[in-house]
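S.K.: Before I ask anything, here is the structure I am working with.
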Amino acid sequence: MICDEAGPIAIAGVMGGAETEVTASTRRVLLESANFDFISIRRTAARHRLSSEASARFGRGIHPALTLPAARRAAALMQRWADGVVARGIADAYERRAPRVVIPLSVEQVQRVLGFAPPPRQIVRILRALDFQVAPVRSPRGGRAAAAWRVTVPDYRRDCARPEDLIEEIARIWGYDRMPETRLRDPLPPQRGNPSWAFEERVRDLLVACGLQEIITYALIHPDEEARLTPPGAANPYTALPYIRLINPISEERTVLRHTLLPGLLRTLAANLRFRDRVALFEVGKVFLPVPGEALPQEPRRVGIAMTGPRDPASWLPVDRAPMDFFDLKGVVETFLARLRLPGVRFERTEHPVLHPGRGAEVSAGGQVVGFLGELHPQVRRAWELPDQPVLVAELDLEALQALAPAAPAFEAVPRVPPVVEDLAFIVPEAVPAAALAAVLQAAGAPLVRQVQLFDVYQGDPIPPGHKSLAFTVFYQAEDRTLTDREVAGLRERLIRAAAERLGAVVRQKEEPA
């Protein structure tokens, strides 16, 4: 604070008071030219939310020696343009004077940094033209070393503190276009790949090919945003973790580091839905998970997806304008993981607090859980002020995906013989997933069963209550020969027996016409 005998008159370096304001009736002005600690000024301006020209200037740092020239300049301007009369005398309180910055410089240093050196006389001319004081360094024997100097930096050049700063000024004034061109004499360093970056780019390309658009959101959020990801009263897996908080946040909305990508995706989704009816987004970014006993958090990478709106974009052609549902998102994720060539991809029903009950799935690959997908819970959708339509979200662990994805694709020779294809239908309890039955059939017939593909799910008469019919297309194929009818029959019996023993499945017989 700046005070007089009556009390405060200004916040130093930030804002002046009304009592000392210059008005049309002011006839006498006392000029005070002061300098302040720039860190204190920035903190004060931020704390009181006072943005002024003074805080912008002092907040960047000004040399204290400039106060006297500034006062003299202001007095001269008042005298010239306002017919002012300048009183004699200056009261100067400058107890701790800032030391002058003196930098040693030599031609050898200029040569080493730039690869060439202008003539010494030109170096001196350039520095003195920029208001630097240049004094030659005398040799111990009393002579002069014309190629070395002691350079005193002017007070207003706070950016010059070492020889490299002076050399930059010399090169700038000498002219970059006058620098000689030389080729590298050393061999080029070995080229090393960046697998993490390359995998991220591959992920982005695949998701764009799936029809999604990439976004980049802030890693800094407010805790209330993650609190809105679950219905009231439900356990929230994100807010249960402690946050990494910023000591001096740039705004009240960005105070902590995120635990999930979903807030940024939903915020962007809501913003874009004001102008478009169909939005499909994805983001590749880091989340920040605290580690007990550690100062720094873990920073695993995630892949987030958010989709809503009609299934097909608007067109003059007849298209399906029904809203996207769970299976649209599952198709995108399934295609994405298939293109990454992840082994053993499975989707199993799960009850995630963010998702609509009964409309969510857990994604696993290689026996490891890699994420989740599903339709956003209706209460969460309303909390984010999203329209009354299915909003589909997914979040996958990019680190796990990269660890499971093969570094190079494996190719198989094109079969020389055709497969034997037949359809098998089974009646199973309603709780048995189709993927589980397909895995049993694939394992029971290996290696001659090359593919098991689901093509029909049916419930109703004549299927017993609590059961369903699953129909698969089975591809039998050997590498070196065409399978005989007897071999195929044996394989078929093996599949039927394995399905009955492991899952209680009963093969569905062909119905006779009435």
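By order of appearance in the structure tokens: chains A, B, ..., then residues from 1 within every chain, and ligands from 1 in the order shown.
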For A:Cys210, find every residue with an atom within 8 Å (counting only C-alpha atoms), except residues of its own chain fewer than 2 positions away, and show them as a list in words.
M.R.: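 Neighbouring residues, sequence-local ones excluded: Leu206, Leu207, Val208, Leu212, Val332, Thr335 and Phe336 of chain A.
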S.K.: Can I get the selection written as a tab-separated table (two decimals), in the first residue's frame, with N, CA and C atoms?
M.R.:
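That gives us out15.tsv:
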```tsv
chain	number	residue	atom	x	y	z
A	206	LEU	N	-7.65	-44.38	-37.15
A	206	LEU	CA	-8.70	-45.39	-37.16
A	206	LEU	C	-10.04	-44.81	-36.72
A	207	LEU	N	-10.04	-43.97	-35.69
A	207	LEU	CA	-11.29	-43.41	-35.21
A	207	LEU	C	-11.86	-42.39	-36.20
A	208	VAL	N	-11.01	-41.66	-36.87
A	208	VAL	CA	-11.50	-40.76	-37.93
A	208	VAL	C	-12.11	-41.58	-39.06
A	212	LEU	N	-15.65	-40.49	-36.74
A	212	LEU	CA	-15.61	-39.61	-35.58
A	212	LEU	C	-14.70	-38.43	-35.85
A	332	VAL	N	-18.63	-49.21	-33.57
A	332	VAL	CA	-17.44	-48.36	-33.73
A	332	VAL	C	-16.27	-48.92	-32.93
A	335	THR	N	-15.03	-52.27	-34.42
A	335	THR	CA	-14.23	-52.05	-35.62
A	335	THR	C	-12.86	-51.48	-35.28
A	336	PHE	N	-12.84	-50.55	-34.36
A	336	PHE	CA	-11.59	-49.92	-33.94
A	336	PHE	C	-10.62	-50.95	-33.35
```
S.K.: Name the residues in contact with stretch 271-281 of chain A at a cut-off of 12 Å, using only C-alpha atoms, excluding same-chain residues fewer than 6 positions from it; report them as a VMD selection string.
M.R.: chain A and resid 204 207 to 208 210 to 217 261 to 262 264 to 265 303 to 314 321 to 324 328 to 329 332 384 to 395
S.K.: Could you pull out the alpha helix (DSSP H) residues of stretch 5-62 of chain A, going by DSSP on the backbone, and write them as a list of chain:residue names?
M.R.: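 Going through stretch 5-62 of chain A, the alpha helix (DSSP H) residues come out as A:Phe38, A:Ile39, A:Ser40, A:Ile41, A:Arg42, A:Arg43, A:Thr44, A:Ala45, A:Ala46, A:Arg47, A:His48, A:Glu53, A:Ala54, A:Ser55, A:Ala56, A:Arg57, A:Phe58.
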S.K.: Please list as a PyMOL selection string every residue within 10 Å of A:Ala505, counting only C-alpha atoms and excluding residues in the same chain fewer than 5 positions away.
M.R.: chain A and resi 425-429+432+437+467+469-470+496-500
S.K.: Restricting the calculation to only C-alpha atoms: of A:Leu269, A:Val85, A:Ala10, A:Arg202, which residue gets closest to A:Arg381?
M.R.: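 Nearest to A:Arg381: A:Leu269.
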S.K.: Please return, as a list of chain:residue names, all residues of stretch 66-223 of chain A that DSSP assigns to strand (DSSP E or B) on the basis of the backbone.
M.R.: A:Val102, A:Ile103, A:Pro104, A:Leu105, A:Ser106, A:Gln133, A:Val134, A:Ala135, A:Pro136, A:Val137, A:Arg138, A:Arg144, A:Ala145, A:Ala146, A:Ala147, A:Ala148, A:Trp149, A:Arg150, A:Val151, A:Thr152, A:Gln213, A:Glu214, A:Leu220, A:Ile221
S.K.: Could you take the residues named above and write them with N, CA and C atoms, as a PDB file, in the first residue's frame?
M.R.:
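The new file part-v2.pdb reads:
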```pdb
ATOM      1  N   VAL A 102      27.435  -6.732 -15.840  1.00  0.00           N
ATOM      2  CA  VAL A 102      28.629  -6.655 -16.682  1.00  0.00           C
ATOM      3  C   VAL A 102      28.927  -8.060 -17.191  1.00  0.00           C
ATOM      4  N   ILE A 103      29.042  -8.179 -18.506  1.00  0.00           N
ATOM      5  CA  ILE A 103      29.199  -9.494 -19.137  1.00  0.00           C
ATOM      6  C   ILE A 103      30.521  -9.527 -19.894  1.00  0.00           C
ATOM      7  N   PRO A 104      31.375 -10.517 -19.625  1.00  0.00           N
ATOM      8  CA  PRO A 104      32.602 -10.663 -20.431  1.00  0.00           C
ATOM      9  C   PRO A 104      32.261 -11.273 -21.790  1.00  0.00           C
ATOM     10  N   LEU A 105      32.929 -10.774 -22.827  1.00  0.00           N
ATOM     11  CA  LEU A 105      32.677 -11.255 -24.183  1.00  0.00           C
ATOM     12  C   LEU A 105      33.981 -11.259 -24.959  1.00  0.00           C
ATOM     13  N   SER A 106      34.133 -12.273 -25.806  1.00  0.00           N
ATOM     14  CA  SER A 106      35.333 -12.376 -26.636  1.00  0.00           C
ATOM     15  C   SER A 106      34.943 -12.839 -28.030  1.00  0.00           C
ATOM     16  N   GLN A 133      27.628  -0.412 -23.037  1.00  0.00           N
ATOM     17  CA  GLN A 133      28.946   0.174 -22.807  1.00  0.00           C
ATOM     18  C   GLN A 133      29.993  -0.922 -22.971  1.00  0.00           C
ATOM     19  N   VAL A 134      30.967  -0.679 -23.855  1.00  0.00           N
ATOM     20  CA  VAL A 134      31.966  -1.685 -24.200  1.00  0.00           C
ATOM     21  C   VAL A 134      33.339  -1.169 -23.803  1.00  0.00           C
ATOM     22  N   ALA A 135      34.041  -1.937 -22.980  1.00  0.00           N
ATOM     23  CA  ALA A 135      35.399  -1.581 -22.554  1.00  0.00           C
ATOM     24  C   ALA A 135      36.331  -2.737 -22.887  1.00  0.00           C
ATOM     25  N   PRO A 136      37.439  -2.464 -23.580  1.00  0.00           N
ATOM     26  CA  PRO A 136      38.380  -3.548 -23.901  1.00  0.00           C
ATOM     27  C   PRO A 136      39.047  -4.090 -22.645  1.00  0.00           C
ATOM     28  N   VAL A 137      39.348  -5.358 -22.673  1.00  0.00           N
ATOM     29  CA  VAL A 137      40.023  -6.022 -21.558  1.00  0.00           C
ATOM     30  C   VAL A 137      41.523  -5.913 -21.787  1.00  0.00           C
ATOM     31  N   ARG A 138      42.243  -5.348 -20.820  1.00  0.00           N
ATOM     32  CA  ARG A 138      43.689  -5.181 -20.937  1.00  0.00           C
ATOM     33  C   ARG A 138      44.388  -6.473 -20.528  1.00  0.00           C
ATOM     34  N   ARG A 144      46.731  -4.359 -24.764  1.00  0.00           N
ATOM     35  CA  ARG A 144      45.298  -4.536 -24.957  1.00  0.00           C
ATOM     36  C   ARG A 144      45.021  -5.845 -25.687  1.00  0.00           C
ATOM     37  N   ALA A 145      43.957  -6.515 -25.242  1.00  0.00           N
ATOM     38  CA  ALA A 145      43.467  -7.692 -25.965  1.00  0.00           C
ATOM     39  C   ALA A 145      42.260  -7.251 -26.770  1.00  0.00           C
ATOM     40  N   ALA A 146      42.481  -6.906 -28.058  1.00  0.00           N
ATOM     41  CA  ALA A 146      41.431  -6.287 -28.866  1.00  0.00           C
ATOM     42  C   ALA A 146      40.268  -7.208 -29.128  1.00  0.00           C
ATOM     43  N   ALA A 147      40.411  -8.495 -28.856  1.00  0.00           N
ATOM     44  CA  ALA A 147      39.353  -9.454 -29.161  1.00  0.00           C
ATOM     45  C   ALA A 147      38.556  -9.827 -27.921  1.00  0.00           C
ATOM     46  N   ALA A 148      38.651  -9.066 -26.835  1.00  0.00           N
ATOM     47  CA  ALA A 148      37.895  -9.361 -25.617  1.00  0.00           C
ATOM     48  C   ALA A 148      37.455  -8.051 -24.981  1.00  0.00           C
ATOM     49  N   TRP A 149      36.209  -8.070 -24.390  1.00  0.00           N
ATOM     50  CA  TRP A 149      35.645  -6.858 -23.821  1.00  0.00           C
ATOM     51  C   TRP A 149      34.853  -7.183 -22.547  1.00  0.00           C
ATOM     52  N   ARG A 150      34.606  -6.113 -21.811  1.00  0.00           N
ATOM     53  CA  ARG A 150      33.652  -6.173 -20.702  1.00  0.00           C
ATOM     54  C   ARG A 150      32.491  -5.267 -21.098  1.00  0.00           C
ATOM     55  N   VAL A 151      31.315  -5.870 -21.210  1.00  0.00           N
ATOM     56  CA  VAL A 151      30.144  -5.168 -21.728  1.00  0.00           C
ATOM     57  C   VAL A 151      29.183  -4.873 -20.576  1.00  0.00           C
ATOM     58  N   THR A 152      28.868  -3.599 -20.387  1.00  0.00           N
ATOM     59  CA  THR A 152      27.922  -3.183 -19.347  1.00  0.00           C
ATOM     60  C   THR A 152      26.540  -3.037 -19.990  1.00  0.00           C
ATOM     61  N   GLN A 213     -14.916 -37.358 -35.096  1.00  0.00           N
ATOM     62  CA  GLN A 213     -14.113 -36.141 -35.214  1.00  0.00           C
ATOM     63  C   GLN A 213     -13.353 -35.922 -33.921  1.00  0.00           C
ATOM     64  N   GLU A 214     -12.049 -35.609 -34.042  1.00  0.00           N
ATOM     65  CA  GLU A 214     -11.218 -35.458 -32.850  1.00  0.00           C
ATOM     66  C   GLU A 214     -11.410 -34.078 -32.218  1.00  0.00           C
ATOM     67  N   LEU A 220      -7.573 -29.390 -17.196  1.00  0.00           N
ATOM     68  CA  LEU A 220      -7.994 -28.769 -15.943  1.00  0.00           C
ATOM     69  C   LEU A 220      -9.510 -28.606 -15.940  1.00  0.00           C
ATOM     70  N   ILE A 221     -10.147 -29.054 -14.878  1.00  0.00           N
ATOM     71  CA  ILE A 221     -11.599 -28.983 -14.766  1.00  0.00           C
ATOM     72  C   ILE A 221     -11.960 -28.536 -13.355  1.00  0.00           C
TER      73      ILE A 221
END
```
S.K.: Closest to A:Pro99 among A:Cys160, A:Ala65, A:Ala444, A:Val287, using only C-alpha atoms?
M.R.: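 Selected residue with least distance to A:Pro99: A:Ala65.
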S.K.: Quick one: everything within 8 Å of stretch 178-189 of chain A, counting only C-alpha atoms, minus sequence neighbours fewer than 3 positions away in the same chain. Send it as a short mmCIF file (atom, residue, chain, number, x, y, z; two decimals) with N, CA, C and O atoms, in the first residue's frame.
M.R.:
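Result file follows (part37.cif):
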```cif
data_model
loop_
_atom_site.label_atom_id
_atom_site.label_comp_id
_atom_site.auth_asym_id
_atom_site.auth_seq_id
_atom_site.Cartn_x
_atom_site.Cartn_y
_atom_site.Cartn_z
N PHE A 116 30.92 -18.35 -36.86
CA PHE A 116 31.72 -17.31 -37.52
C PHE A 116 31.72 -16.11 -36.59
O PHE A 116 30.99 -16.05 -35.60
N TRP A 174 23.89 -7.82 -37.32
CA TRP A 174 24.79 -8.15 -38.43
C TRP A 174 24.01 -8.66 -39.64
O TRP A 174 24.34 -8.36 -40.77
N GLY A 175 22.94 -9.41 -39.36
CA GLY A 175 22.08 -9.90 -40.44
C GLY A 175 22.18 -11.40 -40.58
O GLY A 175 23.25 -11.95 -40.85
#
```
